[in-house]
Every structure is written in structure tokens, then in C-alpha cells.
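Next comes start06.txt, with compact mmCIF, C-alpha atoms.
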```txt
# COMPACT_ATOMS: atom_id res chain seq x y z
CA CYS A 1 -22.95 26.22 10.91
CA ASP A 2 -26.46 25.84 12.32
CA HIS A 3 -25.06 25.72 15.89
CA CYS A 4 -22.45 28.47 16.20
CA GLY A 5 -23.23 30.60 13.15
CA ARG A 6 -19.69 30.37 11.77
CA GLN A 7 -19.42 30.48 7.97
CA VAL A 8 -17.09 27.97 6.26
CA TYR A 9 -16.65 27.88 2.50
CA ALA A 10 -17.00 24.39 1.01
CA PHE A 11 -16.05 24.45 -2.66
CA HIS A 12 -17.45 22.16 -5.32
CA SER A 13 -15.50 18.90 -5.64
CA CYS A 14 -13.21 18.61 -8.64
CA GLY A 15 -13.53 14.80 -8.62
CA ASN A 16 -9.87 14.20 -9.52
CA ARG A 17 -8.56 11.08 -7.75
CA HIS A 18 -5.34 12.89 -6.76
CA CYS A 19 -7.04 15.91 -5.17
CA PRO A 20 -5.99 16.36 -1.50
CA LYS A 21 -9.44 17.70 -0.59
CA CYS A 22 -12.07 15.62 -2.44
CA HIS A 23 -13.45 12.09 -1.97
CA ARG A 24 -14.30 12.10 1.73
CA ASP A 25 -17.66 10.38 1.08
CA GLN A 26 -16.05 7.92 -1.35
CA THR A 27 -13.40 7.05 1.23
CA ASP A 28 -16.04 6.45 3.90
CA ARG A 29 -17.99 4.17 1.57
CA TRP A 30 -14.85 2.21 0.71
CA LEU A 31 -13.93 1.77 4.36
CA THR A 32 -17.44 0.62 5.24
CA ALA A 33 -17.33 -1.99 2.47
CA GLN A 34 -13.85 -3.25 3.47
CA ARG A 35 -14.74 -3.52 7.15
CA ALA A 36 -17.70 -5.67 6.20
CA ARG A 37 -15.40 -7.96 4.18
CA LEU A 38 -12.84 -8.41 6.96
CA LEU A 39 -12.69 -11.97 8.18
CA PRO A 40 -12.82 -12.58 11.97
CA CYS A 41 -9.11 -13.40 12.26
CA ALA A 42 -5.76 -11.75 12.92
CA TYR A 43 -3.86 -9.87 10.21
CA TYR A 44 -0.37 -8.90 9.11
CA LEU A 45 0.79 -5.82 7.20
CA LEU A 46 3.59 -6.41 4.70
CA THR A 47 5.46 -3.72 2.77
CA PHE A 48 7.26 -4.54 -0.48
CA THR A 49 9.72 -1.87 -1.66
CA LEU A 50 11.40 -1.43 -5.03
CA PRO A 51 15.19 -0.94 -4.76
CA HIS A 52 16.57 2.51 -5.48
CA THR A 53 18.19 1.35 -8.73
CA LEU A 54 14.78 0.40 -10.17
CA ARG A 55 13.04 3.70 -9.44
CA SER A 56 14.08 5.42 -12.67
CA LEU A 57 12.64 2.48 -14.62
CA ALA A 58 9.43 2.67 -12.60
CA ARG A 59 9.14 6.39 -13.27
CA SER A 60 9.62 5.88 -17.02
CA HIS A 61 7.16 2.95 -17.29
CA GLN A 62 4.75 3.70 -14.46
CA LYS A 63 1.67 1.82 -15.58
CA THR A 64 3.64 -1.34 -16.40
CA VAL A 65 5.99 -1.40 -13.41
CA TYR A 66 3.37 -0.42 -10.83
CA GLY A 67 1.14 -3.25 -12.01
CA LEU A 68 4.02 -5.72 -11.87
CA LEU A 69 5.01 -4.51 -8.41
CA MET A 70 1.54 -5.21 -7.00
CA LYS A 71 1.05 -8.50 -8.82
CA CYS A 72 4.49 -9.92 -7.95
CA SER A 73 4.20 -8.88 -4.29
CA ALA A 74 0.97 -10.81 -3.88
CA ALA A 75 2.17 -13.76 -5.99
CA ALA A 76 5.33 -14.16 -3.89
CA LEU A 77 3.33 -14.04 -0.66
CA LEU A 78 0.69 -16.51 -1.85
CA THR A 79 3.38 -18.88 -3.17
CA LEU A 80 5.26 -19.02 0.13
CA ALA A 81 2.06 -19.24 2.20
CA ARG A 82 0.98 -22.37 0.33
CA ASP A 83 4.01 -24.15 1.80
CA PRO A 84 2.70 -26.31 4.69
CA ARG A 85 5.83 -25.47 6.69
CA TYR A 86 4.47 -21.93 7.19
CA VAL A 87 0.72 -21.80 6.51
CA GLY A 88 -0.44 -24.37 3.95
CA GLY A 89 -3.47 -22.37 2.84
CA ARG A 90 -4.71 -19.62 0.50
CA LEU A 91 -4.50 -16.16 2.07
CA GLY A 92 -6.63 -13.09 1.53
CA CYS A 93 -4.63 -10.05 0.34
CA LEU A 94 -5.51 -6.38 -0.08
CA ALA A 95 -2.69 -4.52 -1.91
CA VAL A 96 -2.43 -0.71 -1.98
CA LEU A 97 0.16 1.16 -4.06
CA HIS A 98 2.07 4.11 -2.57
CA THR A 99 4.74 6.07 -4.42
CA TRP A 100 5.83 8.64 -1.83
CA THR A 101 7.61 9.29 1.43
CA ARG A 102 6.17 11.75 3.92
CA ASP A 103 8.33 14.53 2.48
CA LEU A 104 7.00 13.73 -1.03
CA ARG A 105 10.10 12.00 -2.39
CA TYR A 106 9.68 9.23 -4.96
CA HIS A 107 9.56 5.85 -3.22
CA PRO A 108 7.31 3.25 -4.92
CA HIS A 109 6.15 0.49 -2.58
CA VAL A 110 3.11 -1.67 -1.89
CA HIS A 111 1.32 -2.22 1.41
CA VAL A 112 -0.41 -5.59 1.66
CA LEU A 113 -2.96 -6.31 4.39
CA VAL A 114 -3.07 -10.10 4.64
CA THR A 115 -4.99 -12.61 6.72
CA ALA A 116 -2.99 -14.47 9.38
CA GLY A 117 -3.99 -17.83 7.96
CA GLY A 118 -5.76 -19.16 4.91
CA LEU A 119 -8.30 -21.53 3.45
CA SER A 120 -7.15 -25.12 3.03
CA ALA A 121 -6.82 -26.56 -0.49
CA ASP A 122 -10.05 -28.55 -0.16
CA GLY A 123 -11.93 -25.54 1.23
CA THR A 124 -13.08 -27.30 4.38
CA ALA A 125 -10.87 -25.72 7.05
CA TRP A 126 -9.16 -22.48 8.08
CA VAL A 127 -5.42 -23.03 8.47
CA THR A 128 -3.49 -20.84 10.94
CA PRO A 129 0.23 -20.03 10.59
CA LYS A 130 2.57 -22.67 11.97
CA TYR A 131 4.52 -20.04 13.94
CA GLY A 132 2.83 -17.58 16.25
CA ASN A 133 5.41 -14.79 15.93
CA TYR A 134 5.51 -14.47 12.12
CA LEU A 135 3.53 -15.36 9.02
CA VAL A 136 6.27 -16.38 6.56
CA PRO A 137 10.07 -15.80 6.63
CA VAL A 138 10.67 -12.37 5.08
CA HIS A 139 14.17 -13.25 3.83
CA ALA A 140 12.81 -16.07 1.68
CA LEU A 141 9.84 -13.89 0.70
CA SER A 142 12.13 -11.09 -0.53
CA GLN A 143 14.06 -13.55 -2.70
CA ILE A 144 10.88 -14.92 -4.30
CA PHE A 145 9.62 -11.35 -4.80
CA ARG A 146 12.89 -10.37 -6.50
CA ALA A 147 12.79 -13.41 -8.79
CA LYS A 148 9.19 -12.74 -9.81
CA ILE A 149 9.94 -9.09 -10.60
CA CYS A 150 12.92 -10.18 -12.71
CA ALA A 151 10.81 -12.67 -14.68
CA ALA A 152 8.00 -10.15 -15.13
CA LEU A 153 10.32 -7.41 -16.42
CA ASN A 154 11.84 -9.93 -18.83
CA ARG A 155 8.39 -10.78 -20.21
CA ALA A 156 7.62 -7.06 -20.53
CA GLY A 157 10.83 -6.47 -22.50
CA LEU A 158 12.28 -4.12 -19.85
CA LEU A 159 15.02 -6.33 -18.37
CA ASP A 160 17.78 -4.76 -20.52
CA GLU A 161 17.11 -1.39 -18.85
CA VAL A 162 17.91 -2.78 -15.38
CA PRO A 163 21.47 -2.79 -13.92
CA PRO A 164 22.48 -6.46 -13.40
CA SER A 165 23.73 -5.71 -9.88
CA VAL A 166 20.15 -5.23 -8.63
CA TRP A 167 19.52 -8.99 -8.81
CA SER A 168 22.37 -9.80 -6.40
CA THR A 169 21.54 -7.22 -3.70
CA PRO A 170 19.04 -7.84 -0.84
CA TRP A 171 15.52 -6.49 -1.33
CA VAL A 172 13.45 -5.05 1.50
CA VAL A 173 10.21 -6.71 2.65
CA HIS A 174 8.85 -5.65 6.03
CA CYS A 175 6.21 -7.57 8.00
CA GLN A 176 4.42 -6.62 11.21
CA HIS A 177 1.35 -7.81 13.08
CA ALA A 178 -1.77 -5.75 12.31
CA GLY A 179 -4.22 -6.85 14.99
CA ARG A 180 -7.71 -7.33 13.56
CA GLY A 181 -6.95 -5.15 10.53
CA GLN A 182 -9.16 -2.19 11.42
CA LYS A 183 -6.41 0.37 12.09
CA VAL A 184 -4.50 -0.59 8.95
CA LEU A 185 -7.65 -0.12 6.88
CA ASP A 186 -8.11 3.36 8.37
CA TYR A 187 -4.50 4.22 7.50
CA LEU A 188 -4.75 2.91 3.93
CA GLY A 189 -8.13 4.55 3.42
CA ARG A 190 -6.64 8.02 3.89
CA TYR A 191 -4.68 7.62 0.64
CA ILE A 192 -6.91 5.39 -1.50
CA PHE A 193 -8.63 8.32 -3.22
CA ARG A 194 -6.06 11.03 -2.51
CA VAL A 195 -2.36 11.58 -2.95
CA ALA A 196 0.72 12.24 -0.88
CA ILE A 197 -0.16 15.38 1.13
CA ALA A 198 -3.21 17.00 2.71
CA ASN A 199 -3.84 20.74 2.72
CA SER A 200 -3.60 20.76 6.51
CA ARG A 201 0.15 20.01 6.29
CA LEU A 202 0.83 23.16 4.26
CA GLU A 203 2.06 25.84 6.66
CA ARG A 204 3.33 28.71 4.52
CA ILE A 205 3.36 29.87 0.90
CA GLU A 206 5.37 33.04 0.45
CA ASP A 207 8.12 34.53 -1.73
CA GLY A 208 7.77 31.66 -4.21
CA HIS A 209 8.43 29.00 -1.57
CA VAL A 210 6.22 26.37 0.08
CA THR A 211 6.72 25.09 3.63
CA PHE A 212 5.02 21.93 4.84
CA ARG A 213 5.44 19.62 7.82
CA TYR A 214 5.73 15.85 8.14
CA ARG A 215 6.47 13.32 10.86
CA ASP A 216 9.80 11.52 10.61
CA ASN A 217 9.30 7.74 10.50
CA ARG A 218 12.39 6.93 12.56
CA THR A 219 12.30 9.57 15.29
CA GLN A 220 8.55 10.40 15.19
CA HIS A 221 9.55 14.08 15.43
CA VAL A 222 7.71 16.69 13.38
CA ARG A 223 9.97 18.19 10.71
CA ARG A 224 9.47 21.00 8.20
CA VAL A 225 10.57 21.29 4.59
CA THR A 226 10.77 24.48 2.54
CA LEU A 227 10.89 24.07 -1.23
CA THR A 228 10.63 26.39 -4.20
CA GLY A 229 7.20 26.37 -5.78
CA VAL A 230 8.52 24.53 -8.84
CA GLU A 231 10.22 21.83 -6.76
CA PHE A 232 7.10 21.37 -4.63
CA LEU A 233 4.98 20.92 -7.77
CA ARG A 234 7.54 18.49 -9.19
CA ARG A 235 7.46 16.35 -6.05
CA PHE A 236 3.67 16.41 -5.93
CA LEU A 237 3.04 15.65 -9.60
CA GLN A 238 5.38 12.66 -9.75
CA HIS A 239 2.80 10.83 -7.60
CA VAL A 240 -0.07 11.47 -10.02
CA LEU A 241 -0.79 8.06 -11.53
CA PRO A 242 -1.26 7.51 -15.27
CA GLY A 243 -4.78 6.91 -16.54
CA GLY A 244 -6.07 3.40 -15.97
CA CYS A 245 -3.48 2.56 -13.30
CA MET A 246 -5.18 0.81 -10.38
CA LYS A 247 -4.06 1.80 -6.89
CA VAL A 248 -5.93 -1.00 -5.06
CA ARG A 249 -6.03 -4.70 -5.96
CA TYR A 250 -7.33 -7.86 -4.27
CA TYR A 251 -5.70 -11.30 -4.36
CA GLY A 252 -6.17 -14.78 -2.93
CA ILE A 253 -9.55 -15.45 -1.38
CA TRP A 254 -10.24 -11.69 -1.50
CA SER A 255 -10.00 -11.70 -5.28
CA PRO A 256 -13.28 -10.70 -6.98
CA THR A 257 -13.13 -14.05 -8.81
CA CYS A 258 -13.18 -16.06 -5.56
CA PRO A 259 -16.44 -15.17 -3.75
CA ARG A 260 -17.15 -18.83 -3.02
CA GLN A 261 -13.78 -19.33 -1.33
CA LEU A 262 -14.31 -16.19 0.75
CA ASP A 263 -17.70 -17.49 1.92
CA GLN A 264 -16.11 -20.85 2.77
CA ALA A 265 -13.38 -19.13 4.81
CA ARG A 266 -15.94 -17.05 6.70
CA ALA A 267 -17.98 -20.14 7.46
CA CYS A 268 -14.90 -21.99 8.75
CA LEU A 269 -13.97 -19.08 11.02
CA THR A 270 -17.44 -18.69 12.50
CA ILE A 271 -17.93 -22.37 13.36
CA PRO A 272 -16.99 -22.81 17.05
CA LEU A 273 -14.28 -25.34 17.70
CA PRO A 274 -15.20 -28.30 19.98
```
Starting from the file, lay out its structure as C-alpha cells.
Amino acid sequence: CDHCGRQVYAFHSCGNRHCPKCHRDQTDRWLTAQRARLLPCAYYLLTFTLPHTLRSLARSHQKTVYGLLMKCSAAALLTLARDPRYVGGRLGCLAVLHTWTRDLRYHPHVHVLVTAGGLSADGTAWVTPKYGNYLVPVHALSQIFRAKICAALNRAGLLDEVPPSVWSTPWVVHCQHAGRGQKVLDYLGRYIFRVAIANSRLERIEDGHVTFRYRDNRTQHVRRVTLTGVEFLRRFLQHVLPGGCMKVRYYGIWSPTCPRQLDQARACLTIPLP
């Protein structure tokens, strides 16, 4: 350090997209680009979770099932938002795949940052949600999501590997207000180019065991887990994505194929109302 004289070793970057230490500059560049694309409107954060009975299938066919999970989540949301009873417009969606809990267990789910409103069908107006306290009804959304996953697995030839009971049980979709979207972007950005755990959470490695800490989602208390080295590696490596599997996708007016619609939405939002 040119101020205090302290020496800190900074190793060469390995460049692997699952490294817990690399990609700081890449993350900063991604966040800068996404902040510039944010529309001047409110946002919601939705989380689509695969049921427990489908996780073994997802683990066996990761590239296929992860892609279907992201695509069907966005498709269900866009379908319901087109209904004029709720929004009646085309949303902007940023979907990010996560496969872990804070203690590194396998839990595939998708976070979707979505605009609170959308572009009208004719592209001339920005349409706000019809209800101020929610975007779309999550119960109906979970049913559409389940149906789309079922149809997609059938087309992929994987439906026979799924227990029939999964299609009659409720699926979990969570929705919460996300302000202007900035804080959610910061949260998602921490894991775009990294994986489940940072080195700073590792507390002890001794006698063939690894101890790390995490914050419990329900109680917000800090907890510690001690695992054998083999079990820790197993939990970590199950979150390493197969080659070519995309962790981030864009849908609706944020799709790379819809730059004109995005410009129209921005223009509608920046025109002052009389």
C-alpha cells in the first residue's frame, strides 16, 4: 500500500466464472451497464423455485432444466402481465439463476427483477399495474409457471422422469417490491460472476474439516456449519454450471431483440404528464 506500507498479496486471476475471488472488475462493469439500462420506474423482485421432487431431475439434466426454469419463469410472468386486469403491457425482465442456499445446499431457483409496469401493445404509452400493492397474483402465476414447466419437460422428453404428484402440489413463487431496482442489482451482481460462497465466510480449515458461517434467512442470526472436506467440496461443486449454461437472461422489453421497444418505454417514462 502506498499509504500505510502494508504488503498484501494479490494473486493472478484464474478467470474461472465460479471462482470466489476473481471477476471484481467484470462485476463492476456489468453493474454499471445494468444501472444505465434501468428505466425510471418502480420494480418488483420475483423468485421462482423448483419443487424438491424436481431437484434430482435438474441435477441430472442441468443445462436443459436450468434453461427451461429461466425461460418458463419469464414466460409465465409476461403472459399474466399482458392481462389488462393486472397490467396490460409488456414488462422488462432480468432473470438470474441461483442453485444454492446460504449453507451451500442444492436449491435451484430464479430471481427476476421486473419493471412495475410495461409498454402498451401499440408502443405509445407506459402502463402501470392496476393494483398498487402487487404486480400480478402470485397464486395464478405459480399455476401458469407449473403448467409451462410441465409442457417444456414434455417437449424435452423428460416428463416420464417426473413423479406425477408434483403437478398437483402448490409451487412457490414469491414477489416483493424492489424500490427503484438499485439494491436488487447490487445483490444479484455479487453472484453473477461468482458462485455460492466467498472466501471471507471461511473461518477454519483444520483436521480435515471446514467451518464457514452464513446468515439464516428466517431469523437473520449468524450460524456456522462444520463439514468434512469432501462434503464441503461436494456442496461447492454441485453449483458449478455446465459449459454453455447462461446464468443471466433478459426478457420482454429488456430482451436484446427489443431495443426499439426499450427506447419507446424510456421515452414514455420521461415525458412529463400534464
Between A:Thr53, A:Gln34, A:Asn133, A:Ser200, single out the one closest to A:Pro108, counting only C-alpha atoms.
->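 Ranked by minimum distance to A:Pro108, first place goes to A:Thr53.
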Atom CA of A:Val210 to atom CA of A:Val230, distance in Å rounded to a single decimal | 9.4 Å
Length of the atom CA of A:Pro163 to atom CA of A:Leu54 vector [Å] =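 That distance, rounded to one decimal, is 8.3 Å.
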Straight-line distance linking atom CA of A:Thr99 with atom CA of A:Thr32, stated in Å to one decimal =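 Atom CA of A:Thr32 lies at a distance of 24.8 Å from atom CA of A:Thr99.
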Contacts of A:Thr124 at 9 Å (all atoms listed in the file; same-chain gap of 4+ positions) as a VMD selection string | chain A and resid 119 to 120 264 to 265 268
For stretch 168-201 of chain A against stretch 244-256 of chain A, with a cut-off of 10 Å and counting all atoms listed in the file, what is the closest atom pair and its distance in Å to one decimal for every residue that makes the cut, ordered by chain and number, as a tab-separated table?
```
residue	atom	partner	partner_atom	distance
A:Leu188	CA	A:Val248	CA	9.9
A:Tyr191	CA	A:Lys247	CA	9.5
A:Ile192	CA	A:Lys247	CA	7.1
A:Phe193	CA	A:Lys247	CA	8.8
```
Calculate, to one decimal in Å, the centre and edge lengths of the box along x, y and z of the file that holds all listed atoms of stretch 153-169 of chain A with 5 Å of margin on each side, and present them as lines of an AutoDock Vina configuration file.
```
center_x = 15.7
center_y = -6.1
center_z = -13.1
size_x = 26.1
size_y = 19.4
size_z = 28.8
```
If we count all atoms listed in the file, what is near stretch 74-87 of chain A at a cut-off of 10 Å, once residues fewer than 4 positions away on the same chain are taken out, given as a PyMOL selection string?
-> chain A and resi 46+48+68-70+91-95+110+112+114+116-121+127-131+134-138+140-149+249-252
So, counting all atoms listed in the file, which residue among A:His209, A:His107, A:Arg35, A:Arg6 is closest to A:Pro51?
->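 Once distances to A:Pro51 are computed over all atoms listed in the file, the minimum belongs to A:His107.
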Which residue gives the smallest distance to A:Leu202 among A:Leu153, A:Cys4, A:Val225, A:Val172, with all atoms listed in the file counted?
->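 Result for the nearest residue to A:Leu202: A:Val225.
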Nearest-residue call for A:Asp122, choices A:Asn217, A:Leu97, A:Gly88, A:Gln7, using only C-alpha atoms = A:Gly88
Shortest interatomic distance to A:Arg218 - which of A:Arg102, A:His23, A:Arg90, A:His18, counting all atoms listed in the file =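 Selected residue with least distance to A:Arg218: A:Arg102.
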Neighbours of point (0.5, -4.9, 8.7) within 9 Å, using only C-alpha atoms, written as JSON, numbers by chain | {"A": [43, 44, 45, 46, 47, 111, 112, 113, 114, 174, 175, 176, 177, 178, 179, 181, 184]}
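Of the residues listed (A:Ser73, A:Thr211, A:Ser165, A:Ser60), A:Thr211 shows the shortest atom-to-atom separation from A:Glu231; distances use only C-alpha atoms.
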